[in-house]
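Below is one structure, written out as structure tokens; comments come after it.
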Amino acid sequence: MPQSLSQVWLHVVFSTKDRRAFLQNPEFQDEMFRMLSHHVQEAGCFAKLAGGWVDHVHLVCGLSRTVTIAKLVEEIKTETSKWAKKNPRGSRAFSWQAGYGAFSISQLNLDRVLAYVEQQEKHHRKRSYQDEFRELCRKHKIEIDERYVWD
């Protein structure tokens with residue numbers, strides 16, 4: 001076949017360093033979600049939705065067939081961290097955690113994951129980021145070592 005085709009949807013999740021509530025200002029949070037989407041596009045991938053809560057973000061994106069997950073996450077974290085440190089609503093101390101979770105999404109479940117990300121504010125009235133991340137890993141059959149996952 002002379003043409004290479006792919007459709008790989010990802011749900012990427014990562015928190016702020018030490019899960020600090022850097023994103024509690026609603027205007028800054030909205031700007032951050034837009035910047036995350038922008039940098040997904042800049043990396044050559046397809047931003048579908050960026051959302052999250054005061055201490056973490058969720059990205060739903062289509063992975064380009066020429067970009068690795070690690071490279072995508074590195075680029076968006078680096079660029080948005082630089083932006084946040086300079087933004088008047090941000091903080092010079094802003095930083096993302098070192099790690100991330102990346103979960104595959106089938107085309108059949110894409111709408112369900114999008115709805116989940118859109119409901120983050122409601123969702124986190126009852127559940128912490130750590131509990132949410134544990135559940136995502138459990139659902140995707142990923143074992144985590146609690147000693148290292150929360151850096």
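We name chains A, B, ... following the order of the structure tokens; residues begin at 1 in each chain, and ligands are numbered from 1 as shown.
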
message = Can you tell me which residues surround region 11-26 of chain A at a distance of at most 9 Å, considering only C-alpha atoms, apart from same-chain residues fewer than 4 positions away, and format the answer as number ranges by chain?
response = A: 30-32, 52-61, 73, 89-91, 94-105, 113, 129, 133, 150-151

Apply DSSP to the backbone of this structure and, from chain A, keep only the residues in alpha helix (DSSP H); write these as a tab-separated table (two decimals) with N, CA and C atoms, in the first residue's frame.
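Result saved to states-v8.tsv:
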```tsv
chain	number	residue	atom	x	y	z
A	26	PRO	N	-10.19	31.01	36.96
A	26	PRO	CA	-10.94	30.52	35.80
A	26	PRO	C	-10.45	31.07	34.46
A	27	GLU	N	-10.04	32.35	34.42
A	27	GLU	CA	-9.55	32.91	33.17
A	27	GLU	C	-8.22	32.29	32.77
A	28	PHE	N	-7.34	32.12	33.75
A	28	PHE	CA	-6.04	31.49	33.47
A	28	PHE	C	-6.24	30.04	33.05
A	29	GLN	N	-7.15	29.34	33.73
A	29	GLN	CA	-7.43	27.95	33.39
A	29	GLN	C	-7.90	27.83	31.94
A	30	ASP	N	-8.84	28.68	31.54
A	30	ASP	CA	-9.33	28.65	30.16
A	30	ASP	C	-8.21	28.95	29.17
A	31	GLU	N	-7.39	29.94	29.51
A	31	GLU	CA	-6.25	30.26	28.64
A	31	GLU	C	-5.30	29.08	28.53
A	32	MET	N	-5.05	28.42	29.65
A	32	MET	CA	-4.15	27.26	29.64
A	32	MET	C	-4.71	26.16	28.74
A	33	PHE	N	-6.00	25.90	28.83
A	33	PHE	CA	-6.59	24.86	27.99
A	33	PHE	C	-6.43	25.22	26.51
A	34	ARG	N	-6.61	26.50	26.18
A	34	ARG	CA	-6.42	26.93	24.78
A	34	ARG	C	-4.95	26.78	24.37
A	35	MET	N	-4.04	27.13	25.27
A	35	MET	CA	-2.61	27.01	24.95
A	35	MET	C	-2.19	25.55	24.78
A	36	LEU	N	-2.74	24.68	25.61
A	36	LEU	CA	-2.44	23.25	25.47
A	36	LEU	C	-2.90	22.77	24.08
A	37	SER	N	-4.11	23.12	23.70
A	37	SER	CA	-4.61	22.73	22.38
A	37	SER	C	-3.75	23.30	21.27
A	38	HIS	N	-3.37	24.57	21.43
A	38	HIS	CA	-2.52	25.21	20.42
A	38	HIS	C	-1.21	24.45	20.25
A	39	HIS	N	-0.59	24.07	21.35
A	39	HIS	CA	0.71	23.39	21.26
A	39	HIS	C	0.59	21.94	20.81
A	40	VAL	N	-0.55	21.32	21.02
A	40	VAL	CA	-0.80	20.00	20.40
A	40	VAL	C	-0.76	20.17	18.89
A	41	GLN	N	-1.46	21.20	18.39
A	41	GLN	CA	-1.48	21.49	16.95
A	41	GLN	C	-0.06	21.82	16.44
A	42	GLU	N	0.66	22.65	17.21
A	42	GLU	CA	2.01	23.03	16.82
A	42	GLU	C	2.94	21.82	16.71
A	69	ILE	N	4.36	9.79	21.46
A	69	ILE	CA	3.63	10.31	22.62
A	69	ILE	C	4.58	11.11	23.51
A	70	ALA	N	5.75	10.56	23.77
A	70	ALA	CA	6.71	11.23	24.65
A	70	ALA	C	7.11	12.60	24.10
A	71	LYS	N	7.34	12.70	22.80
A	71	LYS	CA	7.73	13.97	22.20
A	71	LYS	C	6.58	14.97	22.27
A	72	LEU	N	5.37	14.52	22.00
A	72	LEU	CA	4.20	15.39	22.08
A	72	LEU	C	4.06	15.98	23.48
A	73	VAL	N	4.09	15.12	24.49
A	73	VAL	CA	3.90	15.58	25.87
A	73	VAL	C	5.04	16.50	26.30
A	74	GLU	N	6.26	16.15	25.93
A	74	GLU	CA	7.40	17.00	26.27
A	74	GLU	C	7.23	18.40	25.68
A	75	GLU	N	6.85	18.49	24.42
A	75	GLU	CA	6.70	19.79	23.77
A	75	GLU	C	5.59	20.62	24.39
A	76	ILE	N	4.43	20.02	24.64
A	76	ILE	CA	3.33	20.82	25.17
A	76	ILE	C	3.60	21.23	26.62
A	77	LYS	N	4.24	20.37	27.40
A	77	LYS	CA	4.57	20.76	28.78
A	77	LYS	C	5.60	21.89	28.80
A	78	THR	N	6.62	21.76	27.98
A	78	THR	CA	7.68	22.78	27.95
A	78	THR	C	7.11	24.13	27.53
A	79	GLU	N	6.36	24.15	26.44
A	79	GLU	CA	5.86	25.41	25.91
A	79	GLU	C	4.81	26.06	26.82
A	80	THR	N	3.91	25.26	27.38
A	80	THR	CA	2.88	25.85	28.24
A	80	THR	C	3.45	26.27	29.59
A	81	SER	N	4.47	25.60	30.05
A	81	SER	CA	5.12	26.00	31.30
A	81	SER	C	5.81	27.35	31.12
A	82	LYS	N	6.51	27.52	30.00
A	82	LYS	CA	7.15	28.82	29.72
A	82	LYS	C	6.09	29.92	29.65
A	83	TRP	N	5.00	29.63	28.96
A	83	TRP	CA	3.92	30.60	28.81
A	83	TRP	C	3.32	30.97	30.17
A	84	ALA	N	3.07	29.97	31.03
A	84	ALA	CA	2.45	30.20	32.34
A	84	ALA	C	3.33	31.06	33.24
A	85	LYS	N	4.63	30.88	33.15
A	85	LYS	CA	5.55	31.65	33.98
A	85	LYS	C	5.56	33.13	33.60
A	86	LYS	N	5.25	33.43	32.34
A	86	LYS	CA	5.24	34.82	31.86
A	86	LYS	C	3.86	35.46	31.93
A	110	LEU	N	-14.80	7.64	21.91
A	110	LEU	CA	-14.32	9.01	21.87
A	110	LEU	C	-15.32	9.98	22.49
A	111	ASP	N	-16.58	9.89	22.14
A	111	ASP	CA	-17.57	10.82	22.69
A	111	ASP	C	-17.71	10.68	24.20
A	112	ARG	N	-17.59	9.46	24.70
A	112	ARG	CA	-17.69	9.24	26.15
A	112	ARG	C	-16.51	9.90	26.88
A	113	VAL	N	-15.32	9.79	26.32
A	113	VAL	CA	-14.14	10.41	26.94
A	113	VAL	C	-14.24	11.93	26.87
A	114	LEU	N	-14.71	12.46	25.75
A	114	LEU	CA	-14.90	13.91	25.63
A	114	LEU	C	-15.88	14.41	26.69
A	115	ALA	N	-16.98	13.70	26.89
A	115	ALA	CA	-17.96	14.09	27.91
A	115	ALA	C	-17.34	14.03	29.30
A	116	TYR	N	-16.52	13.01	29.55
A	116	TYR	CA	-15.84	12.88	30.84
A	116	TYR	C	-14.94	14.09	31.10
A	117	VAL	N	-14.16	14.50	30.11
A	117	VAL	CA	-13.25	15.63	30.28
A	117	VAL	C	-14.05	16.92	30.47
A	118	GLU	N	-15.14	17.06	29.79
A	118	GLU	CA	-15.97	18.27	29.93
A	118	GLU	C	-16.60	18.39	31.32
A	120	GLN	N	-15.14	17.80	34.29
A	120	GLN	CA	-14.11	17.77	35.33
A	120	GLN	C	-14.48	18.54	36.59
A	121	GLU	N	-15.06	19.71	36.46
A	121	GLU	CA	-15.41	20.49	37.66
A	121	GLU	C	-16.38	19.70	38.54
A	122	LYS	N	-17.42	19.18	37.96
A	122	LYS	CA	-18.40	18.39	38.70
A	122	LYS	C	-17.75	17.14	39.29
A	123	HIS	N	-16.96	16.49	38.47
A	123	HIS	CA	-16.30	15.25	38.87
A	123	HIS	C	-15.40	15.45	40.10
A	129	TYR	N	-7.54	14.18	42.27
A	129	TYR	CA	-6.77	13.82	41.09
A	129	TYR	C	-6.15	12.43	41.24
A	130	GLN	N	-5.57	12.17	42.42
A	130	GLN	CA	-4.92	10.88	42.63
A	130	GLN	C	-5.91	9.73	42.47
A	131	ASP	N	-7.10	9.86	43.05
A	131	ASP	CA	-8.11	8.80	42.91
A	131	ASP	C	-8.55	8.65	41.46
A	132	GLU	N	-8.70	9.77	40.78
A	132	GLU	CA	-9.08	9.72	39.37
A	132	GLU	C	-8.00	9.01	38.55
A	133	PHE	N	-6.73	9.35	38.77
A	133	PHE	CA	-5.65	8.75	38.01
A	133	PHE	C	-5.54	7.25	38.31
A	134	ARG	N	-5.68	6.89	39.57
A	134	ARG	CA	-5.66	5.46	39.92
A	134	ARG	C	-6.75	4.70	39.15
A	135	GLU	N	-7.95	5.30	39.08
A	135	GLU	CA	-9.07	4.66	38.39
A	135	GLU	C	-8.80	4.55	36.88
A	136	LEU	N	-8.25	5.58	36.29
A	136	LEU	CA	-7.91	5.51	34.86
A	136	LEU	C	-6.91	4.39	34.60
A	137	CYS	N	-5.90	4.31	35.44
A	137	CYS	CA	-4.91	3.24	35.28
A	137	CYS	C	-5.54	1.87	35.48
A	138	ARG	N	-6.39	1.74	36.47
A	138	ARG	CA	-7.06	0.46	36.71
A	138	ARG	C	-7.89	0.05	35.49
A	139	LYS	N	-8.66	0.98	34.94
A	139	LYS	CA	-9.50	0.69	33.78
A	139	LYS	C	-8.67	0.29	32.56
A	146	GLU	N	2.91	3.52	43.66
A	146	GLU	CA	2.56	4.76	44.38
A	146	GLU	C	3.81	5.51	44.87
A	147	ARG	N	4.92	4.82	45.04
A	147	ARG	CA	6.13	5.50	45.51
A	147	ARG	C	6.68	6.46	44.48
A	148	TYR	N	6.37	6.22	43.19
A	148	TYR	CA	6.98	7.01	42.13
A	148	TYR	C	6.02	7.82	41.28
A	149	VAL	N	4.76	7.50	41.31
A	149	VAL	CA	3.81	8.13	40.39
A	149	VAL	C	3.43	9.55	40.77
```

query = Hey, what does DSSP flag as strand (DSSP E) within chain A? Can you give it to me as a list in words?
reply =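 Going through chain A, the strand (DSSP E) residues come out as Val8, Trp9, Leu10, His11, Val12, Val13, Phe14, Ser15, Phe46, Ala47, Lys48, Leu49, Ala50, Gly51, Gly52, Trp53, His56, Val57, His58, Leu59, Val60, Cys61, Gly62, Leu63, Gly101, Ala102, Phe103, Ser104 and Ile105 of chain A.
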
Writer output for current selection, C-alpha atoms, as a short mmCIF file (atom, residue, chain, number, x, y, z; two decimals), in the first residue's frame:
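Heads up, here's the output in again_39.cif:
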```cif
data_model
loop_
_atom_site.label_atom_id
_atom_site.label_comp_id
_atom_site.auth_asym_id
_atom_site.auth_seq_id
_atom_site.Cartn_x
_atom_site.Cartn_y
_atom_site.Cartn_z
CA VAL A 8 -4.91 7.10 17.03
CA TRP A 9 -6.86 8.94 19.74
CA LEU A 10 -5.19 9.59 23.09
CA HIS A 11 -6.37 10.72 26.49
CA VAL A 12 -3.32 12.34 28.11
CA VAL A 13 -3.39 13.31 31.79
CA PHE A 14 -0.80 15.10 33.92
CA SER A 15 -0.77 17.32 36.96
CA PHE A 46 -4.83 17.08 16.36
CA ALA A 47 -6.31 18.78 19.41
CA LYS A 48 -9.87 17.66 20.12
CA LEU A 49 -10.33 18.92 23.71
CA ALA A 50 -8.27 20.24 26.61
CA GLY A 51 -9.80 20.39 30.05
CA GLY A 52 -9.08 19.58 33.64
CA TRP A 53 -9.21 21.02 37.10
CA HIS A 56 -4.23 18.79 36.47
CA VAL A 57 -5.18 18.63 32.81
CA HIS A 58 -6.74 16.19 30.38
CA LEU A 59 -6.01 16.31 26.67
CA VAL A 60 -7.95 14.41 24.05
CA CYS A 61 -5.94 14.46 20.87
CA GLY A 62 -5.22 12.60 17.70
CA LEU A 63 -1.63 11.45 17.44
CA GLY A 101 -0.54 9.08 31.73
CA ALA A 102 -1.45 8.38 28.11
CA PHE A 103 -4.44 6.17 27.43
CA SER A 104 -5.74 4.93 24.10
CA ILE A 105 -9.28 5.75 23.04
#
```

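Between CA of Thr66 (chain A) and CA of Pro2 (chain A) lies a distance of 16.1 Å.
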
query = Using only C-alpha atoms, which residues sit within 10 Å of Arg65 (chain A) once same-chain residues fewer than 5 positions away are excluded, as a ChimeraX atom specification?
reply = /A:4-8,44-45

Would you mind exporting N, CA and C atoms of the selected residues as a compact mmCIF listing (two decimals), in the first residue's frame?
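Output contents, as saved in part_28.txt:
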```txt
# COMPACT_ATOMS: atom_id res chain seq x y z
N SER A 4 0.31 5.74 3.90
CA SER A 4 0.30 5.38 5.32
C SER A 4 -0.81 6.16 6.00
N LEU A 5 -1.69 5.46 6.67
CA LEU A 5 -2.84 6.08 7.33
C LEU A 5 -2.89 5.65 8.80
N SER A 6 -3.37 6.54 9.65
CA SER A 6 -3.57 6.17 11.04
C SER A 6 -4.64 7.06 11.65
N GLN A 7 -5.28 6.54 12.68
CA GLN A 7 -6.22 7.32 13.48
C GLN A 7 -6.04 6.81 14.92
N VAL A 8 -5.23 7.49 15.67
CA VAL A 8 -4.91 7.10 17.03
C VAL A 8 -5.35 8.22 17.96
N GLY A 44 2.11 19.09 15.54
CA GLY A 44 1.72 18.31 14.38
C GLY A 44 0.63 17.29 14.65
N CYS A 45 -0.01 17.40 15.81
CA CYS A 45 -1.08 16.47 16.16
C CYS A 45 -2.42 17.20 16.09
```
